[in-house]
file coords_12.txt (compact mmCIF, C-alpha atoms and all ligand atoms)
# COMPACT_ATOMS: atom_id res chain seq x y z
CA MET A 9 2.23 -65.65 -110.52
CA MET A 10 4.21 -62.49 -111.20
CA SER A 11 7.90 -63.01 -111.80
CA ALA A 12 10.14 -62.32 -108.82
CA SER A 13 12.10 -59.08 -108.48
CA PRO A 14 11.21 -57.32 -111.75
CA LYS A 15 13.97 -55.06 -113.02
CA PRO A 16 12.95 -51.41 -113.00
CA ALA A 17 12.40 -50.05 -116.50
CA HIS A 18 14.42 -46.86 -115.91
CA SER A 19 18.15 -46.80 -115.49
CA GLU A 20 18.26 -45.54 -111.91
CA ILE A 21 20.74 -47.23 -109.58
CA PRO A 22 18.93 -46.96 -106.24
CA LEU A 23 20.60 -46.58 -102.85
CA SER A 24 19.14 -49.90 -101.77
CA ARG A 25 16.74 -52.57 -102.93
CA PRO A 26 15.26 -55.63 -101.22
CA ASP A 27 16.06 -59.11 -102.58
CA ILE A 28 12.73 -60.92 -102.87
CA THR A 29 12.40 -64.23 -104.74
CA GLU A 30 9.71 -66.82 -105.40
CA LEU A 31 10.55 -68.43 -102.06
CA GLU A 32 9.29 -65.34 -100.20
CA GLU A 33 6.21 -65.26 -102.47
CA GLN A 34 5.51 -68.94 -101.75
CA TYR A 35 5.83 -68.54 -97.98
CA VAL A 36 3.57 -65.47 -97.97
CA LEU A 37 0.95 -67.18 -100.11
CA GLN A 38 0.96 -70.26 -97.86
CA THR A 39 0.49 -68.03 -94.84
CA LEU A 40 -2.32 -66.05 -96.45
CA ARG A 41 -4.08 -69.32 -97.24
CA SER A 42 -3.50 -70.77 -93.75
CA GLY A 43 -6.32 -68.71 -92.26
CA ARG A 44 -4.09 -67.38 -89.50
CA LEU A 45 -2.59 -63.93 -89.96
CA SER A 46 -1.35 -63.02 -86.48
CA ILE A 47 -0.05 -64.68 -83.28
CA GLY A 48 0.73 -68.02 -84.85
CA PRO A 49 3.33 -70.61 -85.77
CA VAL A 50 5.16 -68.62 -88.46
CA VAL A 51 6.21 -65.90 -86.01
CA GLU A 52 7.48 -68.62 -83.66
CA ARG A 53 9.42 -70.28 -86.46
CA PHE A 54 10.97 -66.96 -87.45
CA GLU A 55 11.93 -66.29 -83.82
CA ASP A 56 13.63 -69.68 -83.58
CA LEU A 57 15.50 -69.19 -86.87
CA VAL A 58 16.98 -65.81 -85.90
CA ALA A 59 17.75 -66.79 -82.29
CA ALA A 60 19.52 -70.00 -83.37
CA ARG A 61 21.54 -68.16 -85.97
CA VAL A 62 22.96 -65.73 -83.40
CA ASN A 63 23.46 -68.29 -80.57
CA CYS A 64 20.68 -66.92 -78.38
CA ARG A 65 18.09 -68.96 -76.53
CA HIS A 66 15.14 -66.63 -77.16
CA GLY A 67 13.82 -64.53 -80.03
CA VAL A 68 10.89 -62.13 -79.68
CA ALA A 69 9.61 -60.80 -83.00
CA VAL A 70 8.33 -57.21 -83.07
CA ASN A 71 7.00 -54.88 -85.74
CA SER A 72 10.10 -52.66 -85.92
CA GLY A 73 13.65 -52.41 -84.69
CA THR A 74 12.71 -49.22 -82.87
CA GLY A 75 9.85 -51.00 -81.06
CA GLY A 76 12.25 -53.78 -80.10
CA LEU A 77 14.73 -51.30 -78.60
CA HIS A 78 11.90 -49.60 -76.69
CA LEU A 79 10.85 -52.93 -75.16
CA ALA A 80 14.45 -53.94 -74.39
CA LEU A 81 14.92 -50.76 -72.33
CA LEU A 82 11.57 -51.21 -70.57
CA ALA A 83 12.32 -54.86 -69.77
CA LEU A 84 15.65 -53.84 -68.22
CA GLY A 85 13.85 -51.27 -66.08
CA VAL A 86 15.53 -48.20 -67.60
CA GLY A 87 13.53 -45.08 -66.78
CA PRO A 88 13.53 -41.43 -65.68
CA GLY A 89 16.73 -40.37 -63.90
CA ASP A 90 18.80 -43.08 -65.59
CA GLU A 91 21.59 -42.48 -68.08
CA VAL A 92 22.33 -44.74 -71.01
CA ILE A 93 25.70 -44.40 -72.74
CA THR A 94 25.45 -44.49 -76.53
CA THR A 95 26.89 -43.23 -79.80
CA PRO A 96 26.02 -39.92 -81.51
CA PHE A 97 26.88 -41.47 -84.92
CA SER A 98 23.92 -43.72 -85.72
CA PHE A 99 20.39 -43.85 -87.01
CA VAL A 100 18.29 -41.67 -84.71
CA ALA A 101 16.26 -44.61 -83.31
CA SER A 102 19.22 -45.86 -81.27
CA ALA A 103 19.03 -42.73 -79.10
CA ASN A 104 15.29 -42.04 -79.40
CA CYS A 105 14.46 -45.34 -77.69
CA ILE A 106 16.25 -43.96 -74.60
CA LEU A 107 14.01 -40.88 -74.70
CA MET A 108 10.92 -43.09 -75.06
CA VAL A 109 11.48 -44.42 -71.52
CA GLY A 110 12.27 -40.96 -70.11
CA ALA A 111 15.99 -41.67 -69.63
CA THR A 112 18.96 -39.56 -70.78
CA PRO A 113 21.32 -40.59 -73.58
CA LYS A 114 24.93 -39.88 -72.62
CA PHE A 115 26.77 -39.67 -75.91
CA ILE A 116 30.45 -40.48 -76.26
CA ASP A 117 32.64 -39.98 -79.31
CA ILE A 118 33.55 -42.67 -81.82
CA CYS A 119 36.73 -44.13 -83.22
CA PRO A 120 37.35 -42.74 -86.73
CA ARG A 121 38.30 -46.08 -88.27
CA THR A 122 35.58 -48.42 -87.01
CA LEU A 123 32.94 -45.68 -86.45
CA ASN A 124 31.93 -47.45 -83.23
CA MET A 125 32.09 -45.94 -79.72
CA ASP A 126 35.65 -45.50 -78.49
CA PRO A 127 36.12 -48.14 -75.73
CA ALA A 128 38.45 -45.85 -73.73
CA LYS A 129 35.78 -43.14 -73.67
CA LEU A 130 33.17 -45.71 -72.70
CA ALA A 131 35.03 -46.76 -69.56
CA ALA A 132 35.55 -43.10 -68.62
CA ALA A 133 31.89 -42.16 -69.11
CA ILE A 134 30.41 -44.65 -66.65
CA GLY A 135 29.02 -42.90 -63.60
CA PRO A 136 26.56 -43.45 -60.74
CA ARG A 137 23.51 -42.83 -62.96
CA THR A 138 24.64 -45.15 -65.76
CA LYS A 139 21.95 -47.80 -66.06
CA ALA A 140 22.97 -49.38 -69.35
CA ILE A 141 25.20 -49.17 -72.41
CA LEU A 142 23.44 -49.06 -75.76
CA ALA A 143 26.06 -50.16 -78.28
CA VAL A 144 25.51 -50.00 -82.03
CA GLU A 145 27.33 -52.11 -84.63
CA THR A 146 27.69 -49.16 -86.98
CA PHE A 147 27.11 -50.21 -90.60
CA GLY A 148 27.33 -53.84 -89.42
CA ASN A 149 30.77 -53.69 -87.81
CA PRO A 150 31.11 -55.55 -84.47
CA ALA A 151 34.58 -54.11 -83.70
CA TYR A 152 35.23 -53.52 -79.96
CA PHE A 153 32.17 -55.44 -78.77
CA ASP A 154 34.39 -57.82 -76.80
CA GLN A 155 35.93 -54.78 -75.08
CA TYR A 156 32.49 -53.29 -74.38
CA GLN A 157 31.55 -56.64 -72.81
CA ALA A 158 34.58 -56.58 -70.52
CA ILE A 159 33.89 -52.99 -69.42
CA ALA A 160 30.20 -53.70 -68.84
CA ALA A 161 31.00 -56.81 -66.82
CA ARG A 162 33.50 -54.93 -64.66
CA HIS A 163 30.88 -52.28 -63.81
CA GLU A 164 27.96 -54.76 -63.67
CA ILE A 165 26.01 -52.75 -66.23
CA PRO A 166 23.99 -54.44 -68.99
CA ILE A 167 24.68 -53.89 -72.68
CA ILE A 168 21.73 -53.36 -74.97
CA GLU A 169 23.04 -54.36 -78.37
CA ASP A 170 21.53 -52.39 -81.24
CA CYS A 171 22.53 -54.94 -83.87
CA CYS A 172 19.90 -53.65 -86.31
CA GLU A 173 22.61 -53.23 -88.97
CA ALA A 174 24.62 -56.37 -88.24
CA LEU A 175 22.72 -59.63 -88.84
CA GLY A 176 25.28 -62.27 -89.84
CA ALA A 177 28.41 -60.40 -88.68
CA THR A 178 30.81 -62.00 -86.20
CA LEU A 179 33.75 -60.89 -84.04
CA LYS A 180 36.22 -63.67 -83.17
CA GLY A 181 33.51 -66.08 -84.27
CA GLN A 182 30.92 -64.62 -81.91
CA PRO A 183 27.76 -63.47 -83.71
CA ALA A 184 26.35 -59.95 -83.52
CA GLY A 185 23.29 -60.22 -81.33
CA SER A 186 25.02 -62.29 -78.66
CA PHE A 187 27.20 -59.58 -77.07
CA GLY A 188 24.54 -57.83 -75.01
CA ARG A 189 22.22 -58.88 -72.18
CA ILE A 190 19.64 -58.24 -74.88
CA GLY A 191 19.98 -57.41 -78.58
CA VAL A 192 17.70 -56.06 -81.29
CA PHE A 193 17.71 -56.64 -85.05
CA GLY A 194 15.81 -54.56 -87.61
CA PHE A 195 14.19 -55.76 -90.82
CA TYR A 196 13.36 -52.57 -92.71
CA PRO A 197 13.85 -53.13 -96.49
CA ASN A 198 17.42 -51.78 -96.59
CA LYS A 199 18.76 -54.23 -93.96
CA GLN A 200 20.51 -57.55 -94.62
CA ILE A 201 17.13 -59.28 -94.44
CA THR A 202 13.71 -57.68 -94.54
CA THR A 203 10.16 -58.41 -93.45
CA GLY A 204 8.87 -55.15 -94.94
CA GLU A 205 8.75 -53.71 -91.45
CA GLY A 206 9.90 -55.70 -88.45
CA GLY A 207 12.47 -56.47 -85.81
CA MET A 208 13.68 -59.20 -83.45
CA ILE A 209 14.71 -59.05 -79.82
CA VAL A 210 17.24 -61.75 -78.89
CA THR A 211 18.45 -62.76 -75.43
CA ASN A 212 19.56 -65.71 -73.31
CA ASP A 213 17.57 -64.37 -70.35
CA SER A 214 14.17 -66.06 -70.26
CA ARG A 215 12.81 -63.49 -67.79
CA LEU A 216 13.63 -60.64 -70.20
CA ALA A 217 12.19 -62.59 -73.13
CA ASP A 218 8.92 -63.21 -71.26
CA MET A 219 8.69 -59.55 -70.27
CA CYS A 220 9.24 -58.43 -73.88
CA LYS A 221 6.55 -60.86 -75.07
CA SER A 222 4.09 -59.41 -72.57
CA LEU A 223 5.01 -55.80 -73.43
CA ARG A 224 4.64 -56.33 -77.19
CA ASN A 225 1.23 -57.89 -76.64
CA GLN A 226 -0.71 -55.30 -74.59
CA GLY A 227 0.76 -56.35 -71.24
CA ARG A 228 -0.91 -59.76 -71.28
CA PRO A 229 0.23 -62.05 -68.43
CA LEU A 230 3.78 -63.44 -68.44
CA GLY A 231 3.75 -66.86 -70.05
CA TRP A 232 0.51 -66.12 -71.93
CA SER A 233 0.17 -68.37 -74.94
CA ALA A 234 -2.23 -68.32 -77.84
CA PRO A 235 -4.79 -71.05 -78.48
CA LYS A 236 -3.71 -73.36 -81.26
CA ALA A 237 -6.75 -73.03 -83.53
CA ALA A 238 -7.09 -69.41 -84.70
CA GLU A 239 -6.12 -65.85 -83.79
CA PRO A 240 -7.43 -65.23 -80.30
CA THR A 241 -10.07 -62.54 -80.07
CA HIS A 242 -11.76 -63.45 -76.80
CA GLY A 243 -12.17 -66.19 -74.24
CA GLY A 244 -9.79 -68.05 -72.02
CA THR A 245 -6.61 -69.97 -72.63
CA ALA A 246 -4.57 -72.24 -70.41
CA THR A 247 -2.59 -69.33 -68.98
CA GLY A 248 -5.02 -66.44 -68.89
CA SER A 249 -7.75 -64.51 -70.62
CA TRP A 250 -7.28 -62.58 -73.85
CA LEU A 251 -8.60 -59.52 -72.03
CA ARG A 252 -6.48 -59.66 -68.90
CA HIS A 253 -3.63 -57.13 -68.82
CA GLU A 254 -1.04 -57.07 -66.06
CA ARG A 255 1.00 -54.03 -67.07
CA LEU A 256 1.08 -51.14 -69.54
CA GLY A 257 1.82 -52.83 -72.82
CA TYR A 258 1.93 -51.98 -76.50
CA ASN A 259 0.94 -53.55 -79.75
CA TYR A 260 4.36 -54.22 -81.24
CA ARG A 261 3.42 -57.62 -82.70
CA LEU A 262 4.77 -58.83 -86.05
CA SER A 263 2.12 -60.37 -88.33
CA GLU A 264 2.34 -63.93 -89.65
CA ILE A 265 2.64 -62.51 -93.16
CA ASN A 266 5.70 -60.41 -92.33
CA ALA A 267 7.20 -63.35 -90.43
CA ALA A 268 6.72 -65.55 -93.52
CA ILE A 269 8.89 -63.17 -95.55
CA GLY A 270 11.44 -63.31 -92.73
CA CYS A 271 11.55 -67.14 -92.69
CA ALA A 272 12.31 -67.20 -96.41
CA GLN A 273 14.94 -64.49 -96.03
CA MET A 274 16.61 -66.39 -93.17
CA ARG A 275 16.88 -69.47 -95.39
CA ARG A 276 18.72 -67.27 -97.92
CA LEU A 277 20.81 -65.30 -95.41
CA ASP A 278 24.20 -66.82 -96.26
CA GLU A 279 23.58 -66.45 -99.98
CA MET A 280 22.65 -62.79 -99.45
CA ILE A 281 25.65 -62.05 -97.21
CA ALA A 282 27.91 -63.53 -99.91
CA LYS A 283 26.33 -61.35 -102.61
CA ARG A 284 26.81 -58.25 -100.47
CA GLN A 285 30.41 -59.21 -99.81
CA GLN A 286 30.97 -59.42 -103.55
CA VAL A 287 29.51 -55.95 -104.16
CA ALA A 288 31.69 -54.51 -101.37
CA GLN A 289 34.71 -56.22 -102.89
CA ARG A 290 33.96 -54.67 -106.29
CA TYR A 291 33.71 -51.20 -104.77
CA TRP A 292 37.02 -51.79 -103.03
CA GLU A 293 38.68 -52.91 -106.27
CA ARG A 294 37.22 -49.97 -108.17
CA LEU A 295 37.71 -47.15 -105.63
CA GLY A 296 40.64 -48.40 -103.50
CA GLY A 297 43.60 -46.03 -103.76
CA HIS A 298 41.53 -42.94 -104.68
CA LYS A 299 43.44 -40.17 -102.91
CA ASP A 300 40.33 -38.24 -101.82
CA LEU A 301 38.37 -41.19 -100.45
CA VAL A 302 38.51 -43.21 -97.24
CA LEU A 303 36.94 -46.63 -97.84
CA PRO A 304 35.44 -48.80 -95.10
CA THR A 305 37.97 -51.06 -93.40
CA VAL A 306 37.32 -54.54 -92.06
CA GLU A 307 39.01 -55.18 -88.72
CA GLU A 308 41.03 -58.27 -88.00
CA ASN A 309 38.87 -60.99 -86.39
CA VAL A 310 35.71 -59.51 -87.93
CA SER A 311 33.59 -61.41 -90.41
CA GLN A 312 31.68 -58.59 -91.99
CA SER A 313 28.00 -58.62 -92.92
CA TRP A 314 27.67 -55.53 -95.07
CA PHE A 315 24.69 -53.29 -94.32
CA VAL A 316 25.58 -50.29 -96.49
CA TYR A 317 28.66 -49.14 -98.35
CA VAL A 318 29.71 -45.79 -96.93
CA VAL A 319 32.81 -44.01 -98.18
CA ARG A 320 34.11 -40.74 -96.84
CA LEU A 321 35.84 -37.78 -98.38
CA ALA A 322 39.28 -36.70 -97.18
CA PRO A 323 39.33 -34.20 -94.27
CA THR A 324 40.03 -31.32 -96.69
CA TYR A 325 36.41 -31.51 -97.95
CA THR A 326 33.63 -29.49 -96.36
CA MET A 327 30.10 -30.68 -95.68
CA GLU A 328 28.83 -28.33 -98.41
CA GLU A 329 31.15 -29.97 -100.93
CA ARG A 330 30.01 -33.42 -99.79
CA ASP A 331 26.37 -32.40 -100.16
CA SER A 332 27.09 -31.06 -103.62
CA ILE A 333 28.65 -34.41 -104.63
CA ILE A 334 25.58 -36.26 -103.31
CA ARG A 335 23.30 -33.94 -105.32
CA GLY A 336 25.48 -34.57 -108.38
CA LEU A 337 25.14 -38.34 -107.99
CA ARG A 338 21.38 -38.06 -107.60
CA ALA A 339 21.15 -35.84 -110.67
CA HIS A 340 22.70 -38.75 -112.54
CA ASP A 341 20.10 -41.23 -111.24
CA ILE A 342 22.44 -42.68 -108.63
CA GLY A 343 21.11 -43.07 -105.10
CA ALA A 344 23.38 -41.54 -102.45
CA SER A 345 22.90 -40.35 -98.89
CA ASP A 346 24.63 -38.71 -95.93
CA TYR A 347 24.68 -41.65 -93.44
CA PHE A 348 24.45 -40.36 -90.70
CA PRO A 349 23.87 -36.81 -89.53
CA CYS A 350 24.93 -36.74 -85.85
CA ILE A 351 22.08 -37.52 -83.49
CA HIS A 352 23.03 -34.83 -80.95
CA LEU A 353 22.65 -32.21 -83.70
CA GLN A 354 19.05 -33.15 -84.50
CA GLN A 355 16.53 -30.50 -83.48
CA HIS A 356 15.11 -32.29 -80.43
CA PHE A 357 18.62 -32.63 -78.94
CA LEU A 358 19.73 -29.09 -79.78
CA GLN A 359 16.58 -27.52 -78.29
CA PRO A 360 14.87 -30.08 -76.08
CA ALA A 361 11.30 -28.97 -75.35
CA GLY A 362 8.03 -30.25 -73.90
CA ASN A 363 8.39 -33.71 -72.41
CA LEU A 364 12.08 -33.63 -73.35
CA SER A 365 12.88 -30.43 -71.42
CA TYR A 366 14.71 -32.54 -68.81
CA LEU A 367 17.47 -33.20 -71.39
CA PRO A 368 20.71 -31.20 -71.41
CA GLN A 369 21.16 -28.99 -74.49
CA HIS A 370 23.53 -30.32 -77.09
CA GLN A 371 25.63 -28.30 -79.50
CA PRO A 372 28.08 -28.59 -82.39
CA GLY A 373 31.64 -29.35 -81.28
CA MET A 374 30.70 -31.77 -78.48
CA PHE A 375 31.81 -34.88 -80.40
CA PRO A 376 34.43 -33.71 -82.89
CA ILE A 377 35.25 -37.09 -84.42
CA ALA A 378 31.63 -38.08 -85.00
CA GLU A 379 30.91 -34.62 -86.44
CA SER A 380 33.95 -34.58 -88.69
CA VAL A 381 33.17 -38.08 -90.03
CA SER A 382 29.48 -37.36 -90.39
CA ASN A 383 30.15 -34.23 -92.50
CA ARG A 384 32.10 -36.22 -95.09
CA THR A 385 30.30 -39.55 -95.52
CA ILE A 386 28.58 -40.69 -98.70
CA ALA A 387 26.49 -43.86 -98.70
CA LEU A 388 26.67 -45.38 -102.18
CA PRO A 389 24.13 -47.69 -103.86
CA PHE A 390 24.39 -51.11 -102.22
CA TYR A 391 22.12 -54.11 -102.81
CA ASN A 392 22.42 -57.80 -103.65
CA GLN A 393 21.54 -57.54 -107.33
CA MET A 394 24.15 -54.87 -108.10
CA THR A 395 26.25 -55.88 -111.10
CA LYS A 396 29.88 -55.10 -111.81
CA LYS A 397 28.63 -52.63 -114.42
CA ASP A 398 26.42 -50.85 -111.85
CA VAL A 399 29.43 -50.51 -109.52
CA ASP A 400 31.51 -49.16 -112.42
CA ILE A 401 28.86 -46.56 -113.27
CA VAL A 402 28.60 -45.43 -109.62
CA ALA A 403 32.39 -45.29 -109.18
CA MET A 404 32.97 -43.38 -112.40
CA THR A 405 30.22 -40.84 -111.64
CA LEU A 406 31.54 -40.39 -108.10
CA GLU A 407 35.05 -39.74 -109.43
CA VAL A 408 33.73 -37.14 -111.85
CA MET A 409 31.69 -35.40 -109.15
CA ILE A 410 34.73 -35.25 -106.85
CA GLN A 411 36.79 -33.84 -109.70
CA ARG A 412 34.11 -31.24 -110.42
CA GLU A 413 34.21 -30.14 -106.79
CA ASN A 414 38.00 -29.80 -106.96
CA LEU A 415 37.76 -27.65 -110.12
CA ARG A 416 35.10 -25.41 -108.56
CA ARG A 417 37.43 -24.78 -105.63
CA GLY A 418 39.95 -23.40 -108.09
C1 LIG B 501 17.40 -49.71 -88.79
C2 LIG B 501 17.88 -49.34 -87.46
C3 LIG B 501 17.04 -49.37 -86.34
C4 LIG B 501 15.59 -49.79 -86.36
O1 LIG B 501 14.87 -49.29 -87.38
P1 LIG B 501 13.35 -49.64 -87.67
O2 LIG B 501 13.11 -48.86 -88.91
O3 LIG B 501 12.57 -49.17 -86.52
O4 LIG B 501 13.22 -51.11 -87.88
C5 LIG B 501 17.59 -49.06 -85.10
N1 LIG B 501 18.87 -48.73 -84.97
C6 LIG B 501 19.72 -48.70 -86.02
C7 LIG B 501 21.15 -48.36 -85.79
C8 LIG B 501 19.24 -48.98 -87.31
O5 LIG B 501 20.07 -48.92 -88.35

call {"tool": "encode", "arguments": {"input": "coords_12.txt", "output": "C-alpha cells"}}
result
Amino acid sequence: MMSASPKPAHSEIPLSRPDITELEEQYVLQTLRSGRLSIGPVVERFEDLVAARVNCRHGVAVNSGTGGLHLALLALGVGPGDEVITTPFSFVASANCILMVGATPKFIDICPRTLNMDPAKLAAAIGPRTKAILAVETFGNPAYFDQYQAIAARHEIPIIEDCCEALGATLKGQPAGSFGRIGVFGFYPNKQITTGEGGMIVTNDSRLADMCKSLRNQGRPLGWSAPKAAEPTHGGTATGSWLRHERLGYNYRLSEINAAIGCAQMRRLDEMIAKRQQVAQRYWERLGGHKDLVLPTVEENVSQSWFVYVVRLAPTYTMEERDSIIRGLRAHDIGASDYFPCIHLQQHFLQPAGNLSYLPQHQPGMFPIAESVSNRTIALPFYNQMTKKDVDIVAMTLEVMIQRENLRRG
C-alpha cells in the first residue's frame, strides 16, 4: 500500500491540504471490497456519527454542502416570492442556494470583529416576506448564534444554519449545527473534515429529515428504505418501488466510498481540531502585535474549530495593495487568497438576468462593513500538517510583502 499523505517534493506551502491517513485508506478499501458502493450501511454510519457529534437526531448525507443547502430550503418550503435574510460576506453557495429555489436573498451587513451578521440589523430586516434566516458561521465562528435563535423564535421564522465551515465549534457549549431548524455541513477538501466532495444535513425534525432523504434520492416515497442485500436497481421493497417517485427530486446522494472517508475523518475529528488550533496559535504568536494586521479574534464562550486563517490589513490599505501582497506571497510559493469577495458584488447580483431578472440590482456601497473587510482580507496557508517552520516562512514573507507595499507608497 502507498504510504499515507506523501510530502510534496517541491517547497510550496499550499493554502490548504487534506489530512488523509492509513485509517481513511483502510475504510475505503473495505468499502470497495464490500460489493456495495451506494445506498448502504456506511452512509448511515456516517450520518449517525455527524448527527451525534452535533447533538442532532438526524443526519442526511448529500454529495455537497451546496446540495444540502438546496434541499434544506426546499424542505422548508422556501420558494418564489419569499425572502431569506443572509450575509453578503460568505462563500457564494450560501446565497446561491436561495436563488436555486427562486427566492430572494436579503443581505444585511456584518459585524467587523466576528464577521457574522450583525444581530441588530437582523432584527430590523425581518419583514412580511421573510421566510427564513440563513445564518453562516463565518470561518467557523458561531458568535451571535444564540441571539439569532432568540430573534428567530420571537418572529417564528426558521433558521437555516450554514455550518459548512464550523464542524466541531461550540458557543456556550452548544455545537454548531444545532442552532437552526436545519443545518448543513460541507466536506470539500479544505474543510475541517473531508469526503472529497460531500455534505451533511442535520436536524431534530424527523419530517424535514425524511423530506430531505426523498429529495436527495429522486423524490422516492417518504420512508423509502433500501433492500439490505445490494444497491437497488429495480424491484420492490417493503416501503415502495425503486421506480416510484412522489415529487421532483434530485440525485444528491453521497457514495459509500465517500462516506467511508468521512467515517475515518470523524474518528479523527478531535485530533484534527487540536492540530488546527495549534497552527492558529502559532500564527497568533508570530503575527500578533503587527501594527498593519488585524488577526482573527475568538469570542468569549466560543470554542473555535478553525476552518481557515484569515488576517486583514489595516483600513489604510487599498484592495489593490492587498491583491499585490497576495500576488507577492504566491510568487514565493505561498498559497494565499482573498476570502471572500462580497456576494452582492458578483456578476449575477450586480446585473441579474434571465431566470434571475426578478432580483433587485445590487451595487457597491450597499454593505460598507462587509465591503471594507472583504477588500483587505488575506487567507493564509492553513492545514493540519503545517509545521512551526512553515508558519515562520509564511509570516516572514507576509511581513516583507507588507513592507514592500509601504515602500512603494512612498
Ligand atoms: C464550503 C461551503 C459551502 C458548501 O460548499 P460545497 O463545495 O458545495 O460542499 C457552503 N457554504 C459555505 C459558507 C461554505 O464555506

call {"tool": "closest_residue", "arguments": {"input": "coords_12.txt", "among": "A:Ala268, A:Cys220, A:Leu337, A:Val144", "to": "ligand LIG 501 (chain B)", "atoms": "all atoms listed in the file"}}
result
A:Val144

call {"tool": "closest_residue", "arguments": {"input": "coords_12.txt", "among": "A:Val50, A:Ile165, A:Leu142, A:Val58", "to": "ligand LIG 501 (chain B)", "atoms": "all atoms listed in the file"}}
result
A:Leu142

call {"tool": "residues_near_ligand", "arguments": {"input": "coords_12.txt", "ligand": "ligand LIG 501 (chain B)", "cutoff": "8 Å", "atoms": "only C-alpha atoms and all ligand atoms", "output": "number ranges by chain"}}
result
A: 71-77, 98-102, 144-147, 170-173, 192-196, 199, 205-207

call {"tool": "atom_distance", "arguments": {"input": "coords_12.txt", "atom1": "atom CA of Asn124 of chain A", "atom2": "atom CA of Leu303 of chain A"}}
result
15.5 Å

call {"tool": "axis_aligned_box", "arguments": {"input": "coords_12.txt", "around": "segment 117-130 of chain A", "padding_each_side": "8 Å", "output": "JSON"}}
result
{"center_x": 35.2, "center_y": -44.2, "center_z": -80.5, "size_x": 22.5, "size_y": 24.4, "size_z": 31.6}

call {"tool": "closest_residue", "arguments": {"input": "coords_12.txt", "among": "A:Ala132, A:Val310, A:Leu321, A:Ile209", "to": "Asn414 of chain A", "atoms": "all atoms listed in the file"}}
result
A:Leu321

call {"tool": "atom_distance", "arguments": {"input": "coords_12.txt", "atom1": "atom CA of Val70 of chain A", "atom2": "atom CA of Phe153 of chain A"}}
result
24.3 Å

call {"tool": "closest_residue", "arguments": {"input": "coords_12.txt", "among": "A:Leu358, A:Cys350, A:Val316, A:Ala140", "to": "Asn198 of chain A", "atoms": "all atoms listed in the file"}}
result
A:Val316

call {"tool": "closest_atom_pairs", "arguments": {"input": "coords_12.txt", "of": "segment 258-366 of chain A", "to": "segment 78-97 of chain A", "cutoff": "10 Å", "atoms": "all atoms listed in the file", "output": "tab-separated table"}}
result
residue	atom	partner	partner_atom	distance
A:Tyr258	CA	A:Leu79	CA	9.1
A:Tyr260	CA	A:Leu79	CA	9.0
A:Tyr347	CA	A:Phe97	CA	8.8
A:Phe348	CA	A:Phe97	CA	6.4
A:Pro349	CA	A:Phe97	CA	7.2
A:Cys350	CA	A:Phe97	CA	5.2
A:Ile351	CA	A:Pro96	CA	5.0
A:His352	CA	A:Pro96	CA	5.9
A:Leu353	CA	A:Pro96	CA	8.7
A:Tyr366	CA	A:Gly89	CA	9.5

call {"tool": "residues_near_point", "arguments": {"input": "coords_12.txt", "point": "(38.6, -50.5, -88.4)", "cutoff": "7 Å", "atoms": "all atoms listed in the file", "output": "number ranges by chain"}}
result
A: 121-122, 305-307

call {"tool": "atom_distance", "arguments": {"input": "coords_12.txt", "atom1": "atom CA of Ala177 of chain A", "atom2": "atom CA of Ile134 of chain A"}}
result
27.2 Å

call {"tool": "residues_around", "arguments": {"input": "coords_12.txt", "residues": "segment 23-29 of chain A", "least_positions_apart": "4", "cutoff": "7 Å", "atoms": "only C-alpha atoms", "output": "ChimeraX atom specification"}}
result
/A:12-13,33,197-198,343-344,388-392

call {"tool": "write_last_selection", "arguments": {"input": "coords_12.txt", "atoms": "C-alpha atoms", "output": "PDB file, in the frame of the given file"}}
result
ATOM      1  CA  ALA A  12      10.140 -62.320-108.820  1.00  0.00           C
ATOM      2  CA  SER A  13      12.100 -59.080-108.480  1.00  0.00           C
ATOM      3  CA  GLU A  33       6.210 -65.260-102.470  1.00  0.00           C
ATOM      4  CA  PRO A 197      13.850 -53.130 -96.490  1.00  0.00           C
ATOM      5  CA  ASN A 198      17.420 -51.780 -96.590  1.00  0.00           C
ATOM      6  CA  GLY A 343      21.110 -43.070-105.100  1.00  0.00           C
ATOM      7  CA  ALA A 344      23.380 -41.540-102.450  1.00  0.00           C
ATOM      8  CA  LEU A 388      26.670 -45.380-102.180  1.00  0.00           C
ATOM      9  CA  PRO A 389      24.130 -47.690-103.860  1.00  0.00           C
ATOM     10  CA  PHE A 390      24.390 -51.110-102.220  1.00  0.00           C
ATOM     11  CA  TYR A 391      22.120 -54.110-102.810  1.00  0.00           C
ATOM     12  CA  ASN A 392      22.420 -57.800-103.650  1.00  0.00           C
TER      13      ASN A 392
END

call {"tool": "closest_residue", "arguments": {"input": "coords_12.txt", "among": "A:Asn363, A:Thr324, A:Thr203, A:Asn383", "to": "Ile265 of chain A", "atoms": "all atoms listed in the file"}}
result
A:Thr203

call {"tool": "closest_residue", "arguments": {"input": "coords_12.txt", "among": "A:Ile377, A:Arg330, A:Arg416, A:His298", "to": "Ile116 of chain A", "atoms": "all atoms listed in the file"}}
result
A:Ile377

call {"tool": "residues_around", "arguments": {"input": "coords_12.txt", "residues": "segment 401-404 of chain A", "least_positions_apart": "5", "cutoff": "12 Å", "atoms": "all atoms listed in the file", "output": "PyMOL selection string"}}
result
chain A and resi 19-23+287+290-296+298+301+317+319+334+336-338+340-344+386-390+394-396+409-411
